[in-house]
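**Q** Have a look at this one.
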Amino acid sequence: MKISIGAKPLVYPTPVFVVGTYTPEGKPNVMTASWAGICCSDPPCITVSLRKATYTYGLLKSAGAFTINVPSEQYAREADYFGSVSGRNTDKFADTGLTPVKSDLVNAPYVREFPMILECTVIHIYEIGLHTQFIGRIEDVKVDDAVLNAEGKPNIKNVSPFVYAPGKGGYYAVGDRIGSAYSIGDEFKK
């Protein structure tokens with residue numbers, strides 16, 4: 001039996017992404033955001049929703065560009081820190097010892113140590129309520145060669161992303177492969 005728990009921003013899995021932006025002075029800034037995900041295949045786009053109160057909101061709105069950085073499990077502490085302090089008051093890169101790298105495609109930094117980066121240009125902004133949705137066209141995806149499989153595609157086990165559980169307030173590892181997409185359900189096809 002299903003039990004109603006009310007209307008909540010709750011779904012599993014919820015990604016842990018780090019959004020990279022620059023200040024008007026050119027200082028790199030990052031913020032962890034979980035209200036995000038792929039939203040279009042052609043053109044390839046990703047969405048991230050931020051509260052107006054965040055420092056990153058204003059930076060992203062004025063710059064019109066951002067990066068999505070996918071941290072591996074080994075950087076869970078740093079990703080958590082990036083989402084719990086404001087770049088208005090601190091240099092998150094200096095505090096964590098991670099390295100900002102200037103994107104060669106968009107006006108935004110990325111985190112060198114994270115295995116997967118999406119470089120994005122803002123194409124739409126939607127005011128929803130408490131959050132504003134930014135839709136970014138993915139200009140390029142950069143992946144560390146160490147996480148690629150034999151076909152040159154990212155191997156999820158090597159990327160080692162982790163997810164956030166909004167109801168529990170915890171981070172969780174991604175599990176084992178359970179089957180091949182587009183064929184695991186073939187037995188139901190008629």
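Naming scheme: A, B, ... for chains in displayed order of the structure tokens; residues 1 onward per chain; ligands 1 onward as shown.
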Find the residues near Asp145 in chain A: any atom within 12 Å, counting only C-alpha atoms, skip ones fewer than 2 places away on the same chain, and give them as a compact mmCIF listing (two decimals) with N, CA, C and O atoms, in the first residue's frame.
**A**
```
# COMPACT_ATOMS: atom_id res chain seq x y z
N PHE A 114 37.95 16.77 -10.85
CA PHE A 114 36.70 16.02 -11.08
C PHE A 114 36.76 15.36 -12.44
O PHE A 114 37.21 15.96 -13.41
N PRO A 115 36.28 14.12 -12.57
CA PRO A 115 36.49 13.34 -13.79
C PRO A 115 35.63 13.71 -15.00
O PRO A 115 35.95 13.32 -16.12
N MET A 116 34.56 14.45 -14.79
CA MET A 116 33.64 14.73 -15.90
C MET A 116 33.13 16.16 -15.81
O MET A 116 32.67 16.58 -14.75
N LYS A 142 33.97 17.10 -21.26
CA LYS A 142 35.36 16.72 -21.08
C LYS A 142 35.42 15.63 -20.01
O LYS A 142 34.78 15.75 -18.98
N VAL A 143 36.17 14.57 -20.32
CA VAL A 143 36.25 13.43 -19.42
C VAL A 143 37.72 13.03 -19.28
O VAL A 143 38.45 12.98 -20.27
N VAL A 147 38.97 7.44 -17.01
CA VAL A 147 37.64 6.90 -16.72
C VAL A 147 36.93 6.37 -17.97
O VAL A 147 35.79 5.93 -17.89
N LEU A 148 37.62 6.39 -19.11
CA LEU A 148 37.02 5.92 -20.36
C LEU A 148 37.12 4.40 -20.50
O LEU A 148 38.09 3.79 -20.06
N ASN A 149 36.12 3.80 -21.15
CA ASN A 149 36.16 2.37 -21.42
C ASN A 149 36.85 2.13 -22.76
O ASN A 149 37.33 3.08 -23.41
N ALA A 150 36.88 0.90 -23.22
CA ALA A 150 37.57 0.55 -24.47
C ALA A 150 36.96 1.24 -25.69
O ALA A 150 37.64 1.45 -26.69
N GLU A 151 35.68 1.61 -25.61
CA GLU A 151 35.01 2.29 -26.73
C GLU A 151 35.17 3.81 -26.66
O GLU A 151 34.59 4.54 -27.46
N GLY A 152 35.92 4.30 -25.66
CA GLY A 152 36.13 5.74 -25.52
C GLY A 152 34.96 6.48 -24.87
O GLY A 152 34.84 7.69 -25.00
N LYS A 153 34.13 5.75 -24.13
CA LYS A 153 33.00 6.35 -23.43
C LYS A 153 33.24 6.27 -21.93
O LYS A 153 33.90 5.36 -21.45
N PRO A 154 32.67 7.23 -21.18
CA PRO A 154 32.86 7.18 -19.73
C PRO A 154 32.29 5.91 -19.12
O PRO A 154 31.19 5.49 -19.46
N ASN A 155 33.06 5.29 -18.24
CA ASN A 155 32.63 4.12 -17.49
C ASN A 155 32.13 4.63 -16.14
O ASN A 155 32.90 5.22 -15.38
N ASN A 158 34.20 3.97 -13.10
CA ASN A 158 35.43 4.75 -13.02
C ASN A 158 35.18 6.21 -12.70
O ASN A 158 35.96 6.85 -12.00
N VAL A 159 34.09 6.77 -13.24
CA VAL A 159 33.72 8.15 -12.90
C VAL A 159 33.39 8.21 -11.41
O VAL A 159 33.73 9.16 -10.73
```
**Q** For Thr21 in chain A, work out the shell of residues within 6 Å, counting only C-alpha atoms and skipping chain neighbours fewer than 5 positions away, then give it as a list in words.
**A** Asn29, Phe66, Ala108 and Pro109 of chain A
**Q** For range 125-180 of chain A versus range 67-90 of chain A, which residues have an atom no more than 9 Å away, and what is each residue's nearest atom pair and distance in Å rounded to one decimal, using only C-alpha atoms, chain-then-number order, as JSON lines?
**A**
```
{"residue": "A:Ile138", "atom": "CA", "partner": "A:Thr67", "partner_atom": "CA", "distance": 9.0}
{"residue": "A:Asn158", "atom": "CA", "partner": "A:Ser72", "partner_atom": "CA", "distance": 8.5}
{"residue": "A:Val159", "atom": "CA", "partner": "A:Ser72", "partner_atom": "CA", "distance": 6.0}
{"residue": "A:Ser160", "atom": "CA", "partner": "A:Ser72", "partner_atom": "CA", "distance": 4.8}
{"residue": "A:Pro161", "atom": "CA", "partner": "A:Ser72", "partner_atom": "CA", "distance": 4.6}
{"residue": "A:Phe162", "atom": "CA", "partner": "A:Glu73", "partner_atom": "CA", "distance": 5.9}
{"residue": "A:Tyr171", "atom": "CA", "partner": "A:Ala76", "partner_atom": "CA", "distance": 8.0}
{"residue": "A:Tyr172", "atom": "CA", "partner": "A:Glu73", "partner_atom": "CA", "distance": 8.8}
{"residue": "A:Ala173", "atom": "CA", "partner": "A:Glu73", "partner_atom": "CA", "distance": 7.1}
```
**Q** Write out, as a short mmCIF file (atom, residue, chain, number, x, y, z; two decimals), in the first residue's frame, the residues just selected, with N, CA, C and O atoms.
**A**
```
data_model
loop_
_atom_site.label_atom_id
_atom_site.label_comp_id
_atom_site.auth_asym_id
_atom_site.auth_seq_id
_atom_site.Cartn_x
_atom_site.Cartn_y
_atom_site.Cartn_z
N ILE A 138 24.84 22.23 -23.92
CA ILE A 138 26.13 21.60 -23.66
C ILE A 138 27.02 21.81 -24.88
O ILE A 138 26.74 21.30 -25.95
N ASN A 158 34.20 3.97 -13.10
CA ASN A 158 35.43 4.75 -13.02
C ASN A 158 35.18 6.21 -12.70
O ASN A 158 35.96 6.85 -12.00
N VAL A 159 34.09 6.77 -13.24
CA VAL A 159 33.72 8.15 -12.90
C VAL A 159 33.39 8.21 -11.41
O VAL A 159 33.73 9.16 -10.73
N SER A 160 32.73 7.19 -10.90
CA SER A 160 32.39 7.04 -9.49
C SER A 160 31.57 8.22 -8.95
O SER A 160 31.88 8.76 -7.89
N PRO A 161 30.49 8.61 -9.69
CA PRO A 161 29.66 9.69 -9.17
C PRO A 161 28.89 9.22 -7.95
O PRO A 161 28.80 8.02 -7.68
N PHE A 162 28.33 10.15 -7.22
CA PHE A 162 27.49 9.79 -6.09
C PHE A 162 26.23 10.63 -6.15
O PHE A 162 26.16 11.60 -6.91
N TYR A 171 24.53 11.22 1.26
CA TYR A 171 25.13 10.92 -0.04
C TYR A 171 25.29 9.41 -0.17
O TYR A 171 25.62 8.73 0.82
N TYR A 172 25.08 8.90 -1.38
CA TYR A 172 25.14 7.47 -1.62
C TYR A 172 25.92 7.16 -2.88
O TYR A 172 25.84 7.90 -3.87
N ALA A 173 26.62 6.05 -2.87
CA ALA A 173 27.36 5.59 -4.05
C ALA A 173 26.38 5.04 -5.08
O ALA A 173 25.30 4.58 -4.74
#
```
**Q** To test your reading of the structure, identify every residue in range 32-141 of chain A that backbone DSSP assigns to alpha helix (DSSP H), and report it as a PyMOL selection string.
**A** chain A and resi 55-63+76-82+92-96
**Q** Run DSSP on the backbone and tell me which residues of range 29-88 of chain A come out as strand (DSSP E); list them as a list of chain:residue names.
**A**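 Answer for range 29-88 of chain A, restricted to strand (DSSP E): A:Asn29, A:Val30, A:Met31, A:Thr32, A:Ala33, A:Ala36, A:Gly37, A:Ile38, A:Cys39, A:Cys40, A:Cys45, A:Ile46, A:Thr47, A:Val48, A:Ser49, A:Leu50, A:Arg51, A:Ala65, A:Phe66, A:Thr67, A:Ile68, A:Asn69, A:Val70.
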**Q** Interatomic distance between CA of Met31 in chain A and CA of Thr56 in chain A?
**A** 6.7 Å
**Q** I need the residue nearest Phe93 in chain A from this list: A:Pro9, A:Pro166, A:Pro28, A:Gly37. Use only C-alpha atoms for the distance.
**A** A:Pro28
**Q** Which residues are close to Gly64 in chain A, i.e. within 12 Å by only C-alpha atoms, leaving aside same-chain residues fewer than 5 positions away? Reply as a list of chain:residue names.
**A**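 So the residues in contact are A:Gly20, A:Thr21, A:Tyr22, A:Thr23, A:Pro24, A:Thr56, A:Tyr57, A:Gly58, A:Leu59, A:Val106, A:Asn107, A:Ala108, A:Glu119, A:Cys120, A:Thr121, A:Val122, A:Ile123, A:His124, A:Ile125, A:Phe134, A:Ile135, A:Gly136, A:Arg137.
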**Q** Taking N, CA, C and O atoms for each residue, export the selection above as a PDB file, in the first residue's frame.
**A**
```
ATOM      1  N   GLY A  20      30.091  25.642 -11.928  1.00  0.00           N
ATOM      2  CA  GLY A  20      31.214  26.569 -11.957  1.00  0.00           C
ATOM      3  C   GLY A  20      30.843  27.865 -12.671  1.00  0.00           C
ATOM      4  O   GLY A  20      30.238  27.842 -13.739  1.00  0.00           O
ATOM      5  N   THR A  21      31.201  28.999 -12.054  1.00  0.00           N
ATOM      6  CA  THR A  21      30.971  30.332 -12.630  1.00  0.00           C
ATOM      7  C   THR A  21      32.156  31.226 -12.275  1.00  0.00           C
ATOM      8  O   THR A  21      32.956  30.888 -11.397  1.00  0.00           O
ATOM      9  N   TYR A  22      32.228  32.367 -12.933  1.00  0.00           N
ATOM     10  CA  TYR A  22      33.211  33.400 -12.575  1.00  0.00           C
ATOM     11  C   TYR A  22      32.503  34.598 -11.974  1.00  0.00           C
ATOM     12  O   TYR A  22      31.374  34.920 -12.348  1.00  0.00           O
ATOM     13  N   THR A  23      33.195  35.284 -11.062  1.00  0.00           N
ATOM     14  CA  THR A  23      32.714  36.569 -10.572  1.00  0.00           C
ATOM     15  C   THR A  23      33.004  37.606 -11.659  1.00  0.00           C
ATOM     16  O   THR A  23      33.807  37.336 -12.568  1.00  0.00           O
ATOM     17  N   PRO A  24      32.408  38.788 -11.578  1.00  0.00           N
ATOM     18  CA  PRO A  24      32.720  39.832 -12.562  1.00  0.00           C
ATOM     19  C   PRO A  24      34.214  40.187 -12.594  1.00  0.00           C
ATOM     20  O   PRO A  24      34.738  40.615 -13.626  1.00  0.00           O
ATOM     21  N   THR A  56      25.862  32.133  -6.634  1.00  0.00           N
ATOM     22  CA  THR A  56      25.995  31.560  -7.976  1.00  0.00           C
ATOM     23  C   THR A  56      24.849  31.990  -8.887  1.00  0.00           C
ATOM     24  O   THR A  56      25.049  32.194 -10.088  1.00  0.00           O
ATOM     25  N   TYR A  57      23.652  32.159  -8.353  1.00  0.00           N
ATOM     26  CA  TYR A  57      22.507  32.594  -9.152  1.00  0.00           C
ATOM     27  C   TYR A  57      22.850  33.875  -9.922  1.00  0.00           C
ATOM     28  O   TYR A  57      22.687  33.941 -11.141  1.00  0.00           O
ATOM     29  N   GLY A  58      23.309  34.890  -9.215  1.00  0.00           N
ATOM     30  CA  GLY A  58      23.636  36.170  -9.853  1.00  0.00           C
ATOM     31  C   GLY A  58      24.790  36.050 -10.833  1.00  0.00           C
ATOM     32  O   GLY A  58      24.778  36.667 -11.909  1.00  0.00           O
ATOM     33  N   LEU A  59      25.797  35.256 -10.473  1.00  0.00           N
ATOM     34  CA  LEU A  59      26.953  35.079 -11.354  1.00  0.00           C
ATOM     35  C   LEU A  59      26.547  34.379 -12.642  1.00  0.00           C
ATOM     36  O   LEU A  59      26.939  34.784 -13.745  1.00  0.00           O
ATOM     37  N   VAL A 106      33.588  28.228 -22.850  1.00  0.00           N
ATOM     38  CA  VAL A 106      32.616  29.112 -22.213  1.00  0.00           C
ATOM     39  C   VAL A 106      33.312  29.913 -21.116  1.00  0.00           C
ATOM     40  O   VAL A 106      34.381  29.538 -20.640  1.00  0.00           O
ATOM     41  N   ASN A 107      32.677  31.008 -20.708  1.00  0.00           N
ATOM     42  CA  ASN A 107      33.260  31.867 -19.680  1.00  0.00           C
ATOM     43  C   ASN A 107      32.911  31.332 -18.293  1.00  0.00           C
ATOM     44  O   ASN A 107      32.085  31.891 -17.577  1.00  0.00           O
ATOM     45  N   ALA A 108      33.527  30.209 -17.947  1.00  0.00           N
ATOM     46  CA  ALA A 108      33.290  29.575 -16.657  1.00  0.00           C
ATOM     47  C   ALA A 108      34.467  28.645 -16.336  1.00  0.00           C
ATOM     48  O   ALA A 108      35.095  28.105 -17.241  1.00  0.00           O
ATOM     49  N   GLU A 119      30.573  21.810 -20.361  1.00  0.00           N
ATOM     50  CA  GLU A 119      30.712  23.248 -20.580  1.00  0.00           C
ATOM     51  C   GLU A 119      29.439  23.745 -21.257  1.00  0.00           C
ATOM     52  O   GLU A 119      29.048  23.214 -22.300  1.00  0.00           O
ATOM     53  N   CYS A 120      28.785  24.743 -20.655  1.00  0.00           N
ATOM     54  CA  CYS A 120      27.430  25.108 -21.066  1.00  0.00           C
ATOM     55  C   CYS A 120      27.240  26.600 -21.283  1.00  0.00           C
ATOM     56  O   CYS A 120      27.805  27.425 -20.562  1.00  0.00           O
ATOM     57  N   THR A 121      26.390  26.911 -22.250  1.00  0.00           N
ATOM     58  CA  THR A 121      25.942  28.274 -22.518  1.00  0.00           C
ATOM     59  C   THR A 121      24.466  28.355 -22.161  1.00  0.00           C
ATOM     60  O   THR A 121      23.671  27.511 -22.590  1.00  0.00           O
ATOM     61  N   VAL A 122      24.083  29.369 -21.388  1.00  0.00           N
ATOM     62  CA  VAL A 122      22.686  29.535 -20.990  1.00  0.00           C
ATOM     63  C   VAL A 122      21.850  29.890 -22.222  1.00  0.00           C
ATOM     64  O   VAL A 122      22.177  30.815 -22.959  1.00  0.00           O
ATOM     65  N   ILE A 123      20.769  29.119 -22.443  1.00  0.00           N
ATOM     66  CA  ILE A 123      19.874  29.424 -23.567  1.00  0.00           C
ATOM     67  C   ILE A 123      18.465  29.798 -23.103  1.00  0.00           C
ATOM     68  O   ILE A 123      17.720  30.420 -23.858  1.00  0.00           O
ATOM     69  N   HIS A 124      18.090  29.438 -21.872  1.00  0.00           N
ATOM     70  CA  HIS A 124      16.780  29.809 -21.327  1.00  0.00           C
ATOM     71  C   HIS A 124      16.895  29.971 -19.821  1.00  0.00           C
ATOM     72  O   HIS A 124      17.654  29.255 -19.162  1.00  0.00           O
ATOM     73  N   ILE A 125      16.106  30.895 -19.289  1.00  0.00           N
ATOM     74  CA  ILE A 125      15.998  31.085 -17.842  1.00  0.00           C
ATOM     75  C   ILE A 125      14.515  31.167 -17.516  1.00  0.00           C
ATOM     76  O   ILE A 125      13.788  31.963 -18.122  1.00  0.00           O
ATOM     77  N   PHE A 134      17.842  27.323 -14.984  1.00  0.00           N
ATOM     78  CA  PHE A 134      18.755  27.728 -16.052  1.00  0.00           C
ATOM     79  C   PHE A 134      18.932  26.527 -16.971  1.00  0.00           C
ATOM     80  O   PHE A 134      19.327  25.452 -16.510  1.00  0.00           O
ATOM     81  N   ILE A 135      18.664  26.704 -18.238  1.00  0.00           N
ATOM     82  CA  ILE A 135      18.900  25.634 -19.205  1.00  0.00           C
ATOM     83  C   ILE A 135      20.136  26.012 -19.997  1.00  0.00           C
ATOM     84  O   ILE A 135      20.223  27.106 -20.567  1.00  0.00           O
ATOM     85  N   GLY A 136      21.092  25.106 -19.994  1.00  0.00           N
ATOM     86  CA  GLY A 136      22.348  25.337 -20.695  1.00  0.00           C
ATOM     87  C   GLY A 136      22.541  24.368 -21.843  1.00  0.00           C
ATOM     88  O   GLY A 136      22.332  23.163 -21.674  1.00  0.00           O
ATOM     89  N   ARG A 137      22.912  24.916 -23.001  1.00  0.00           N
ATOM     90  CA  ARG A 137      23.283  24.058 -24.132  1.00  0.00           C
ATOM     91  C   ARG A 137      24.681  23.529 -23.843  1.00  0.00           C
ATOM     92  O   ARG A 137      25.601  24.291 -23.527  1.00  0.00           O
TER      93      ARG A 137
END
```
**Q** Find the residues around range 49-55 of chain A up to 6 Å (only C-alpha atoms counted), leave out those fewer than 4 positions away in its own chain, and share them as a PDB file with N, CA, C and O atoms, in the first residue's frame.
**A**
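Output saved as around26.pdb:
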```
ATOM      1  N   TRP A  35      19.349  20.049  -7.809  1.00  0.00           N
ATOM      2  CA  TRP A  35      18.137  20.199  -8.605  1.00  0.00           C
ATOM      3  C   TRP A  35      18.601  20.417 -10.037  1.00  0.00           C
ATOM      4  O   TRP A  35      18.618  21.529 -10.552  1.00  0.00           O
ATOM      5  N   LEU A 130      10.507  29.493  -5.816  1.00  0.00           N
ATOM      6  CA  LEU A 130      11.699  29.700  -4.993  1.00  0.00           C
ATOM      7  C   LEU A 130      12.971  29.532  -5.820  1.00  0.00           C
ATOM      8  O   LEU A 130      13.990  30.164  -5.560  1.00  0.00           O
ATOM      9  N   HIS A 131      12.923  28.680  -6.838  1.00  0.00           N
ATOM     10  CA  HIS A 131      14.082  28.414  -7.682  1.00  0.00           C
ATOM     11  C   HIS A 131      13.900  28.982  -9.082  1.00  0.00           C
ATOM     12  O   HIS A 131      12.773  29.109  -9.566  1.00  0.00           O
ATOM     13  N   THR A 132      15.010  29.287  -9.709  1.00  0.00           N
ATOM     14  CA  THR A 132      15.050  29.706 -11.106  1.00  0.00           C
ATOM     15  C   THR A 132      15.764  28.615 -11.877  1.00  0.00           C
ATOM     16  O   THR A 132      16.837  28.165 -11.473  1.00  0.00           O
ATOM     17  N   GLN A 133      15.183  28.197 -12.979  1.00  0.00           N
ATOM     18  CA  GLN A 133      15.757  27.135 -13.803  1.00  0.00           C
ATOM     19  C   GLN A 133      16.599  27.751 -14.917  1.00  0.00           C
ATOM     20  O   GLN A 133      16.124  28.581 -15.680  1.00  0.00           O
TER      21      GLN A 133
END
```
**Q** Between A:Gly26, A:Gly97, A:Gly185, A:Gly167, which one has atoms that come closest to Pro13 in chain A, using only C-alpha atoms?
**A**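 Answer, going by the shortest atom-to-atom distance: A:Gly167.
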**Q** Quick one: pull the distance between CA of Lys61 in chain A and CA of Lys92 in chain A, Å, one decimal.
**A** 20.1 Å
